[in-house]
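A.B. asks: Shown below is the structure under consideration.
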Amino acid sequence: MNYRPDARRRHIGQLAEVTAIELGLDERQVARVRLAALVSDVGREQIPPEILAKRGPLSDEEWVHVRRQPELGAALLSDASFDDIRDWVLCRRERPDGLGYPRGLTGDEIPLEARVLSVLEAYVAMTNDRPHRSARTAEDAERELHACAGSQFDAAVVAAFLRAAARRRSQHAPVAA
């Protein structure tokens with residue numbers, strides 16, 4: 001499932017919307033989460049391209065660059081109309097178990113919207129080719145999200161995402177003749 005950048009953004013926006021709806025967020029929150037998903041990787045362009053394209057494991061120094069991406073992205077969203085989204089972009093690499101970055105937040109310290117972005121971005125990353133590996137199937141990526149629910153990903157967000165993904169599949173399934 002490899003997309004051009006504009007199609008990838010559209011896809012992640014749709015995933016954000018259906019997940020936010022599944023979580024019971026109100027219409028305004030759904031729209032803000034969708035917008036956050038569309039701009040969340042804004043700091044990616046500030047990471048050296050040779051790091052993003054590297055085929056092998058990253059060095060410690062290269063990881064320093066990668067781990068700065070949430071802060072770089074949040075800094076680019078400086079307009080006051082992005083205050084909420086800036087915080088979600090900054091926190092989207094945090095993990096419920098506290099092993100994320102940049103702040104080492106845990107559980108509910110991480111904004112719900114950032115926890116949504118984390119699940120969406122992981123799913124999209126897993127289902128697209130990367131320089132160091134081929135894309136996984138949607139089913140394999142969903143199994144990985146489920147396996148990491150409660151540690152790397154928020155369990156309630158993973159459950160909502162999986163329900164929304166199953167519903168989308170059933171709505172887009174070919175009709176038997």
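Here's how to read the names in the structure tokens: chain A, B, ... by the order shown, residue numbers from 1 in each chain, ligand numbers from 1 in the order shown.
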For stretch 121-133 of chain A, find every residue with an atom within 9 Å (counting only C-alpha atoms), except residues of its own chain fewer than 5 positions away, and show them as a CSV table (one decimal) with C-alpha atoms, in the first residue's frame.
C.D. replies:
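Written output follows (part28.csv):
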```csv
chain,number,residue,atom,x,y,z
A,1,MET,CA,0.0,0.0,0.0
A,2,ASN,CA,2.4,2.7,-1.2
A,3,TYR,CA,1.0,6.2,-1.7
A,8,ARG,CA,-0.8,9.3,1.9
A,11,HIS,CA,-5.4,8.4,3.7
A,12,ILE,CA,-4.0,9.3,7.1
A,37,ALA,CA,-2.9,14.0,11.1
A,40,SER,CA,1.9,15.9,11.9
A,52,LEU,CA,15.4,9.1,5.9
A,53,ALA,CA,16.7,7.0,2.9
A,54,LYS,CA,19.1,4.8,4.9
A,55,ARG,CA,18.7,1.1,4.2
A,56,GLY,CA,20.4,-0.2,7.3
A,57,PRO,CA,20.1,0.5,11.0
A,92,ARG,CA,2.9,11.8,19.3
A,116,VAL,CA,-4.4,8.7,18.1
A,138,ALA,CA,-2.9,-4.3,6.7
A,140,ASP,CA,-0.1,-7.9,9.8
A,141,ALA,CA,0.1,-4.2,10.8
A,142,GLU,CA,-3.2,-4.5,12.8
A,144,GLU,CA,1.3,-5.6,15.5
A,145,LEU,CA,-0.8,-2.7,16.8
```
A.B. asks: Could you pull the residues within 12 Å of A:Ala166, counting only C-alpha atoms, minus those fewer than 2 positions along the same chain, as a PyMOL selection string?
C.D. replies: chain A and resi 15+18-19+22+138-139+142+159-164+168-173
A.B. asks: What would the file look like if the residues just selected were written as a tab-separated table (two decimals), in the first residue's frame with N, CA and C atoms?
C.D. replies:
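Now in out.tsv:
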```tsv
chain	number	residue	atom	x	y	z
A	15	LEU	N	-8.16	8.06	8.07
A	15	LEU	CA	-7.99	7.16	9.23
A	15	LEU	C	-8.17	7.94	10.54
A	18	VAL	N	-12.05	8.58	11.06
A	18	VAL	CA	-12.86	7.43	11.49
A	18	VAL	C	-12.46	6.96	12.89
A	19	THR	N	-11.19	7.08	13.23
A	19	THR	CA	-10.76	6.69	14.58
A	19	THR	C	-11.31	7.66	15.62
A	22	GLU	N	-14.90	6.98	16.13
A	22	GLU	CA	-15.05	5.73	16.90
A	22	GLU	C	-14.78	5.98	18.39
A	138	ALA	N	-2.05	-5.00	5.68
A	138	ALA	CA	-2.89	-4.32	6.67
A	138	ALA	C	-3.16	-5.23	7.86
A	139	GLU	N	-3.42	-6.50	7.59
A	139	GLU	CA	-3.71	-7.46	8.67
A	139	GLU	C	-2.51	-7.63	9.59
A	142	GLU	N	-2.15	-4.52	11.71
A	142	GLU	CA	-3.17	-4.51	12.76
A	142	GLU	C	-2.81	-5.47	13.88
A	159	ALA	N	-7.95	-0.21	19.95
A	159	ALA	CA	-9.24	-0.89	19.79
A	159	ALA	C	-10.17	-0.08	18.90
A	160	ALA	N	-10.22	1.24	19.10
A	160	ALA	CA	-11.06	2.09	18.27
A	160	ALA	C	-10.59	2.08	16.81
A	161	PHE	N	-9.28	2.15	16.62
A	161	PHE	CA	-8.73	2.11	15.26
A	161	PHE	C	-9.08	0.79	14.57
A	162	LEU	N	-8.92	-0.32	15.27
A	162	LEU	CA	-9.20	-1.63	14.68
A	162	LEU	C	-10.68	-1.77	14.33
A	163	ARG	N	-11.58	-1.27	15.19
A	163	ARG	CA	-13.01	-1.30	14.88
A	163	ARG	C	-13.31	-0.46	13.65
A	164	ALA	N	-12.72	0.75	13.60
A	164	ALA	CA	-12.95	1.64	12.47
A	164	ALA	C	-12.39	1.04	11.18
A	168	ARG	N	-14.51	0.08	7.86
A	168	ARG	CA	-14.15	0.60	6.52
A	168	ARG	C	-13.99	-0.52	5.51
A	169	ARG	N	-13.34	-1.60	5.94
A	169	ARG	CA	-13.17	-2.75	5.03
A	169	ARG	C	-14.51	-3.33	4.63
A	170	SER	N	-15.41	-3.49	5.59
A	170	SER	CA	-16.71	-4.09	5.27
A	170	SER	C	-17.53	-3.19	4.37
A	171	GLN	N	-17.37	-1.88	4.49
A	171	GLN	CA	-18.10	-0.94	3.64
A	171	GLN	C	-17.53	-0.91	2.22
A	172	HIS	N	-16.25	-1.26	2.09
A	172	HIS	CA	-15.60	-1.22	0.78
A	172	HIS	C	-15.42	-2.60	0.18
A	173	ALA	N	-15.98	-3.62	0.83
A	173	ALA	CA	-15.83	-4.99	0.32
A	173	ALA	C	-16.64	-5.16	-0.96
```
A.B. asks: Please return, as a list in words, all residues of stretch 17-176 of chain A that DSSP assigns to strand (DSSP E or B) on the basis of the backbone.
C.D. replies: Arg130, Arg133, Ala149 and Phe153 of chain A
A.B. asks: In Å, with one decimal, what is the gap from atom CA of A:Arg143 to atom CA of A:Ile85?
C.D. replies: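 Interatomic distance here is 28.3 Å.
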A.B. asks: With distances taken over only C-alpha atoms, which residue among A:Thr106, A:Gln69, A:Ser151, A:Thr137 lies nearest A:Val119?
C.D. replies: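 Of all the options, A:Ser151 lies closest to A:Val119.
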A.B. asks: With distances taken over only C-alpha atoms, which of A:Asp26, A:Glu62, A:Asp41, A:Glu50 is nearest to A:Arg93?
C.D. replies: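 Of A:Asp26, A:Glu62, A:Asp41, A:Glu50, the one nearest A:Arg93 is A:Asp41, counting only C-alpha atoms.
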A.B. asks: Determine, counting only C-alpha atoms, which protein, DNA and RNA residues have an atom within 12 Å of an atom of A:Val33; residues of the same chain fewer than 6 positions away are not included. Present the result as a VMD selection string.
C.D. replies: chain A and resid 12 to 21 23 25 to 27 39 to 40 82 84 to 89 92 111 to 118 120
A.B. asks: Mind dumping the selected residues with N, CA and C atoms as a compact mmCIF listing (two decimals), in the first residue's frame?
C.D. replies:
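And here is the file that came out, again-v8.txt:
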```txt
# COMPACT_ATOMS: atom_id res chain seq x y z
N ILE A 12 -4.20 9.16 5.69
CA ILE A 12 -4.03 9.31 7.13
C ILE A 12 -5.11 10.24 7.70
N GLY A 13 -5.53 11.24 6.93
CA GLY A 13 -6.63 12.10 7.37
C GLY A 13 -7.92 11.33 7.53
N GLN A 14 -8.21 10.44 6.58
CA GLN A 14 -9.41 9.61 6.68
C GLN A 14 -9.33 8.67 7.87
N LEU A 15 -8.16 8.06 8.07
CA LEU A 15 -7.99 7.16 9.23
C LEU A 15 -8.17 7.94 10.54
N ALA A 16 -7.64 9.15 10.58
CA ALA A 16 -7.80 9.98 11.78
C ALA A 16 -9.26 10.26 12.05
N GLU A 17 -9.98 10.60 11.01
CA GLU A 17 -11.40 10.93 11.16
C GLU A 17 -12.21 9.74 11.68
N VAL A 18 -12.05 8.58 11.06
CA VAL A 18 -12.86 7.43 11.49
C VAL A 18 -12.46 6.96 12.89
N THR A 19 -11.19 7.08 13.23
CA THR A 19 -10.76 6.69 14.58
C THR A 19 -11.31 7.66 15.62
N ALA A 20 -11.24 8.95 15.33
CA ALA A 20 -11.76 9.96 16.27
C ALA A 20 -13.27 9.79 16.46
N ILE A 21 -13.98 9.50 15.40
CA ILE A 21 -15.42 9.25 15.51
C ILE A 21 -15.67 8.03 16.37
N LEU A 23 -13.90 6.91 18.70
CA LEU A 23 -13.60 7.25 20.09
C LEU A 23 -14.68 8.14 20.72
N LEU A 25 -15.36 11.33 19.84
CA LEU A 25 -15.01 12.76 19.90
C LEU A 25 -16.08 13.58 19.17
N ASP A 26 -16.25 14.82 19.62
CA ASP A 26 -17.26 15.66 18.98
C ASP A 26 -16.75 16.13 17.61
N GLU A 27 -17.65 16.75 16.86
CA GLU A 27 -17.35 17.14 15.48
C GLU A 27 -16.12 18.05 15.37
N VAL A 39 -0.85 17.40 9.20
CA VAL A 39 0.36 18.23 9.37
C VAL A 39 1.38 17.60 10.31
N SER A 40 1.09 16.44 10.85
CA SER A 40 1.93 15.89 11.92
C SER A 40 3.37 15.61 11.54
N PHE A 82 -2.81 26.90 16.10
CA PHE A 82 -2.31 25.53 16.16
C PHE A 82 -1.87 25.12 17.57
N ASP A 84 -3.26 23.65 20.15
CA ASP A 84 -3.60 22.29 20.53
C ASP A 84 -2.85 21.27 19.67
N ILE A 85 -2.86 21.49 18.37
CA ILE A 85 -2.22 20.57 17.43
C ILE A 85 -0.71 20.52 17.65
N ARG A 86 -0.11 21.67 17.95
CA ARG A 86 1.33 21.70 18.22
C ARG A 86 1.68 20.75 19.36
N ASP A 87 0.89 20.76 20.42
CA ASP A 87 1.14 19.88 21.56
C ASP A 87 0.97 18.41 21.15
N TRP A 88 -0.02 18.10 20.34
CA TRP A 88 -0.25 16.71 19.91
C TRP A 88 0.90 16.23 19.03
N VAL A 89 1.37 17.10 18.13
CA VAL A 89 2.49 16.75 17.25
C VAL A 89 3.74 16.50 18.10
N ARG A 92 3.34 12.97 19.97
CA ARG A 92 2.90 11.77 19.25
C ARG A 92 3.89 10.60 19.28
N PRO A 111 -1.69 13.55 25.58
CA PRO A 111 -3.01 13.93 25.09
C PRO A 111 -3.61 12.80 24.22
N LEU A 112 -4.91 12.59 24.38
CA LEU A 112 -5.60 11.55 23.60
C LEU A 112 -5.33 11.71 22.11
N GLU A 113 -5.38 12.92 21.63
CA GLU A 113 -5.18 13.17 20.20
C GLU A 113 -3.78 12.76 19.75
N ALA A 114 -2.78 12.95 20.60
CA ALA A 114 -1.42 12.51 20.28
C ALA A 114 -1.36 10.98 20.26
N ARG A 115 -2.11 10.34 21.14
CA ARG A 115 -2.15 8.87 21.14
C ARG A 115 -2.80 8.36 19.87
N VAL A 116 -3.79 9.09 19.35
CA VAL A 116 -4.41 8.73 18.06
C VAL A 116 -3.38 8.86 16.95
N LEU A 117 -2.67 9.99 16.91
CA LEU A 117 -1.65 10.20 15.87
C LEU A 117 -0.60 9.10 15.90
N SER A 118 -0.21 8.67 17.08
CA SER A 118 0.80 7.63 17.22
C SER A 118 0.36 6.33 16.54
N LEU A 120 -2.04 5.95 14.23
CA LEU A 120 -2.22 6.16 12.78
C LEU A 120 -0.89 6.16 12.05
```
